[in-house]
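**Q** The structure follows.
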Number of protein chains: 2
Amino acid sequence: MNTFSLTDPALSEKVEGLDEWESAVIDLFLNAANSFGLPKSYGQIYGLLFCRDQALSMDEVMDLLQISKGSASQGLRALRQLGAVSSTFSPGDRKERFVAEIRLRKLVSGFLREQADPHLEKGVARLKQIEGLLEGSGSKDSRIRGARRHEILSGWHRQMSRLLPWVKMIVGKSDRLPQKNKD
Amino acid sequence: MNTFSLTDPALSEKVEGLDEWESAVIDLFLNAANSFGLPKSYGQIYGLLFCRDQALSMDEVMDLLQISKGSASQGLRALRQLGAVSSTFSPGDRKERFVAEIRLRKLVSGFLREQADPHLEKGVARLKQIEGLLEGSGSKDSRIRGARRHEILSGWHRQMSRLLPWVKMIVGKSDRLPQKNKD
DNA sequence: CAGTTTGTTCAAAAAATCTTGAACAAGCAT
DNA sequence: ATGCTTGTTCAAGATTTTTTGAACAAACTG
């Protein structure tokens, strides 16, 4: 299936199957991933797939981005978990192939589902823990102050919980004016 | 003004001026800071100030959290920059004292202003750069594909730009029903 | 079944990030 | 001015996170 030998010396300079604009897009996503708290390699992988029309195999991702097997494997898995890439098995080929999800709404809601929602849930637990600690030690003054803070945090939690669904709705809906989109 | 000597040996065990619930709240913010991509110490500092009614000096922050001068100084400066803490100079005292901003809307809008807005601006530059690169090298096919991707990215940028104002509005407004708030 | 191909895992190396503390600057008080 | 207090800076050290690649498992192939 592979038409050239794995040890072909002519291959050593075959790097850079990327157009300039593709490198720029990949770099853009690298930076974006960084500021979302995701590893740079995730951004690179997503960026590469975003640029391409056809699905790429893990090998191709490794070659084009010059990253290790481990990074490619872990990155693709995490991106699929986030809903940012999906994979297909073309029949008659054992390779799994990957494409980027390009609907912003899907990306955002996947990100929120995986990152924000868990934090909100842990928040509930934390608030209960603090509530418990309030009975314990400390002066009466401190306990009153603690109760106030607990209320504030509960309010924040409530507001954030209400915000997230709005975000999911607003993004991908082109404001609120109905407008053709191919979603 | 300071009633005890700086070298008072009785002070060496005076650590832990924190109630249990305060430690829990500080830990909560430590984790929150982490997931927002901010250093843990920023979270600790904010958490401590959040717990307290009176403004604290940098020294007090250092002592109570057991962090270094450098961390305290940088953390407080960054938090002020984010609008998460504000400082006052009480007359007759040379120390600067800090309090936490507890209005969620202020916190969110400060965060967005400092973190999201700059990225959107850099995004514009990046898009223009890609646009330029599209003229350059690559097959005609590639250039068409690149132009498509550029459109998609522009659309995303537009949507994110529209989203942020909504977030700033929704948070702190208790849904959209008018309701008394002391902002 | 032995040999391939494909993908995962994880411990160790590399890289990025955060923290520390000593040196420094600025301003007040004596 | 001299000494004290307060706060900043930044290079070096500590810590955390990410990447690598070799060993492994699974599934197909001939």
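By convention here, the chains of the structure tokens are called A, B, ... in the order presented, each chain's residues are numbered starting at 1, and ligands are numbered starting at 1 in the order presented.
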Write out as JSON, numbers by chain every residue belonging to chain A that has an atom at most 8 Å from any atom of chain D, counting only C-alpha atoms (C1' of nucleotides).

**A** {"A": [39, 68, 69, 70, 71]}

**Q** For a quick test of understanding: name the residues of chain C lying within 7 Å of chain B when counting only C-alpha atoms (C1' of nucleotides), and present them as number ranges by chain.

**A** C: 18-20

**Q** Output N, CA and C atoms (P, O5', C5', C4', C3', O3' and C1' of nucleotides) of each residue in that selection to a file, as a CSV table (one decimal), in the first residue's frame.

**A**
chain,number,residue,atom,x,y,z
C,18,DC,P,2.4,30.2,34.9
C,18,DC,O5',3.2,29.9,36.3
C,18,DC,C5',3.0,28.7,36.9
C,18,DC,C4',3.8,28.7,38.2
C,18,DC,C3',3.6,29.9,39.1
C,18,DC,O3',3.3,29.4,40.4
C,18,DC,C1',5.9,29.5,38.7
C,19,DT,P,3.2,30.4,41.7
C,19,DT,O5',4.6,30.4,42.3
C,19,DT,C5',5.1,29.2,42.8
C,19,DT,C4',6.5,29.4,43.5
C,19,DT,C3',6.5,30.5,44.5
C,19,DT,O3',6.9,29.9,45.7
C,19,DT,C1',8.3,30.8,42.9
C,20,DT,P,7.0,30.7,47.1
C,20,DT,O5',8.6,31.1,47.1
C,20,DT,C5',9.5,30.1,46.9
C,20,DT,C4',10.9,30.7,46.7
C,20,DT,C3',11.3,31.8,47.8
C,20,DT,O3',12.4,31.3,48.5
C,20,DT,C1',11.9,32.5,45.6

**Q** Please, which residues of chain A lie no more than 7 Å from chain B when the count uses only C-alpha atoms, and can they be set out as an mmCIF file with N, CA and C atoms, in the first residue's frame?

**A**
data_model
loop_
_atom_site.group_PDB
_atom_site.id
_atom_site.type_symbol
_atom_site.label_atom_id
_atom_site.label_comp_id
_atom_site.auth_asym_id
_atom_site.auth_seq_id
_atom_site.Cartn_x
_atom_site.Cartn_y
_atom_site.Cartn_z
ATOM 1 N N ASP A 19 1.667 23.950 3.020
ATOM 2 C CA ASP A 19 1.752 25.259 2.385
ATOM 3 C C ASP A 19 1.968 26.316 3.456
ATOM 4 N N GLU A 20 2.431 27.464 2.989
ATOM 5 C CA GLU A 20 2.695 28.533 3.955
ATOM 6 C C GLU A 20 1.458 28.894 4.762
ATOM 7 N N TRP A 21 0.348 29.038 4.064
ATOM 8 C CA TRP A 21 -0.855 29.458 4.788
ATOM 9 C C TRP A 21 -1.271 28.395 5.788
ATOM 10 N N ALA A 24 0.659 28.826 8.879
ATOM 11 C CA ALA A 24 0.154 29.969 9.638
ATOM 12 C C ALA A 24 -1.106 29.594 10.406
ATOM 13 N N GLY A 37 -5.587 26.591 27.638
ATOM 14 C CA GLY A 37 -5.062 25.641 28.615
ATOM 15 C C GLY A 37 -4.883 24.234 28.080
ATOM 16 N N CYS A 51 -7.212 22.475 8.165
ATOM 17 C CA CYS A 51 -6.789 22.951 6.851
ATOM 18 C C CYS A 51 -7.148 21.992 5.727
ATOM 19 N N LEU A 104 -18.529 25.877 14.779
ATOM 20 C CA LEU A 104 -18.085 26.520 16.018
ATOM 21 C C LEU A 104 -18.944 26.115 17.201
ATOM 22 N N ILE A 130 -17.366 23.464 52.420
ATOM 23 C CA ILE A 130 -17.194 24.698 53.182
ATOM 24 C C ILE A 130 -18.324 24.866 54.188
ATOM 25 N N LEU A 133 -17.472 22.875 57.141
ATOM 26 C CA LEU A 133 -16.398 23.478 57.925
ATOM 27 C C LEU A 133 -16.890 24.653 58.759
ATOM 28 N N LEU A 134 -17.963 25.277 58.332
ATOM 29 C CA LEU A 134 -18.437 26.468 59.032
ATOM 30 C C LEU A 134 -18.942 26.149 60.436
ATOM 31 N N GLY A 138 -13.407 28.262 64.905
ATOM 32 C CA GLY A 138 -13.464 29.680 64.597
ATOM 33 C C GLY A 138 -14.398 30.431 65.532
ATOM 34 N N GLY A 146 -17.930 33.695 57.336
ATOM 35 C CA GLY A 146 -17.872 32.523 56.461
ATOM 36 C C GLY A 146 -19.207 32.254 55.794
ATOM 37 N N ARG A 149 -19.661 34.597 52.930
ATOM 38 C CA ARG A 149 -18.867 34.222 51.765
ATOM 39 C C ARG A 149 -19.475 33.022 51.057
ATOM 40 N N TRP A 156 -22.556 33.064 42.788
ATOM 41 C CA TRP A 156 -21.700 32.984 41.596
ATOM 42 C C TRP A 156 -21.952 31.681 40.864
ATOM 43 N N GLN A 159 -25.082 31.796 38.921
ATOM 44 C CA GLN A 159 -25.005 32.634 37.722
ATOM 45 C C GLN A 159 -24.201 31.972 36.610
ATOM 46 N N LEU A 163 -25.279 30.955 32.827
ATOM 47 C CA LEU A 163 -24.603 31.545 31.675
ATOM 48 C C LEU A 163 -24.294 30.511 30.581
ATOM 49 N N ILE A 170 -25.942 31.048 21.887
ATOM 50 C CA ILE A 170 -25.598 32.230 21.104
ATOM 51 C C ILE A 170 -24.572 31.894 20.027
ATOM 52 N N VAL A 171 -23.545 31.139 20.420
ATOM 53 C CA VAL A 171 -22.530 30.798 19.439
ATOM 54 C C VAL A 171 -23.119 29.865 18.398
ATOM 55 N N SER A 174 -25.440 32.882 14.811
ATOM 56 C CA SER A 174 -25.372 34.179 14.127
ATOM 57 C C SER A 174 -26.316 35.197 14.756
#

**Q** For CA of Ser90 in chain A and CA of Gln66 in chain A, quote the distance in Å rounded to one decimal.

**A**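 These two atoms are separated by 24.3 Å.
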
**Q** Quick check for you: according to DSSP on this backbone, which residues of range 59-128 of chain B are classed as helix (DSSP H, G or I)? Reply as an MDAnalysis selection string.

**A** chainID B and resid 59:65 69:81 104:128

**Q** When you count only C-alpha atoms (C1' of nucleotides), which of these residues is closest to Asp59 in chain A: C:DT17, C:DG7, C:DA2, C:DA26?

**A**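 Looking only at the distances to Asp59 in chain A, the closest residue turns out to be C:DG7.
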
**Q** How would you write, as a PDB file with N, CA and C atoms, in the first residue's frame, the set of residues in range 55-171 of chain B that DSSP gives as strand (DSSP E)?

**A**
ATOM      1  N   LEU B  56      -5.979  43.889  53.587  1.00  0.00           N
ATOM      2  CA  LEU B  56      -4.735  43.304  54.080  1.00  0.00           C
ATOM      3  C   LEU B  56      -3.543  43.932  53.369  1.00  0.00           C
ATOM      4  N   SER B  57      -2.440  44.028  54.099  1.00  0.00           N
ATOM      5  CA  SER B  57      -1.204  44.515  53.490  1.00  0.00           C
ATOM      6  C   SER B  57      -0.475  43.348  52.824  1.00  0.00           C
ATOM      7  N   VAL B  85      -8.705  42.844  42.471  1.00  0.00           N
ATOM      8  CA  VAL B  85      -8.487  43.461  43.775  1.00  0.00           C
ATOM      9  C   VAL B  85      -8.259  44.948  43.570  1.00  0.00           C
ATOM     10  N   SER B  86      -8.556  45.705  44.613  1.00  0.00           N
ATOM     11  CA  SER B  86      -8.254  47.126  44.557  1.00  0.00           C
ATOM     12  C   SER B  86      -7.481  47.472  45.811  1.00  0.00           C
ATOM     13  N   SER B  87      -6.740  48.562  45.732  1.00  0.00           N
ATOM     14  CA  SER B  87      -5.868  48.884  46.859  1.00  0.00           C
ATOM     15  C   SER B  87      -6.194  50.272  47.371  1.00  0.00           C
ATOM     16  N   THR B  88      -5.900  50.451  48.638  1.00  0.00           N
ATOM     17  CA  THR B  88      -6.129  51.746  49.278  1.00  0.00           C
ATOM     18  C   THR B  88      -4.911  52.074  50.123  1.00  0.00           C
ATOM     19  N   PHE B  89      -4.654  53.358  50.272  1.00  0.00           N
ATOM     20  CA  PHE B  89      -3.639  53.800  51.209  1.00  0.00           C
ATOM     21  C   PHE B  89      -4.352  54.477  52.373  1.00  0.00           C
ATOM     22  N   GLU B  96       0.354  49.819  51.659  1.00  0.00           N
ATOM     23  CA  GLU B  96      -0.768  49.729  50.731  1.00  0.00           C
ATOM     24  C   GLU B  96      -1.622  48.544  51.191  1.00  0.00           C
ATOM     25  N   ARG B  97      -2.915  48.691  51.150  1.00  0.00           N
ATOM     26  CA  ARG B  97      -3.777  47.589  51.618  1.00  0.00           C
ATOM     27  C   ARG B  97      -4.747  47.192  50.525  1.00  0.00           C
ATOM     28  N   PHE B  98      -5.059  45.889  50.506  1.00  0.00           N
ATOM     29  CA  PHE B  98      -5.802  45.332  49.372  1.00  0.00           C
ATOM     30  C   PHE B  98      -7.108  44.681  49.791  1.00  0.00           C
ATOM     31  N   VAL B  99      -8.106  44.841  48.954  1.00  0.00           N
ATOM     32  CA  VAL B  99      -9.385  44.145  49.157  1.00  0.00           C
ATOM     33  C   VAL B  99      -9.799  43.483  47.840  1.00  0.00           C
ATOM     34  N   ALA B 100     -10.583  42.430  47.958  1.00  0.00           N
ATOM     35  CA  ALA B 100     -11.043  41.699  46.777  1.00  0.00           C
ATOM     36  C   ALA B 100     -12.297  42.330  46.207  1.00  0.00           C
TER      37      ALA B 100
END

**Q** Could you work out how far CA of Leu120 in chain A lies from CA of Ser161 in chain A, giving the answer in Å with one decimal?

**A** 7.3 Å

**Q** Suppose you want the space between CA of Leu112 in chain A and CA of Ala78 in chain A; what is it in Å?

**A** 14.1 Å
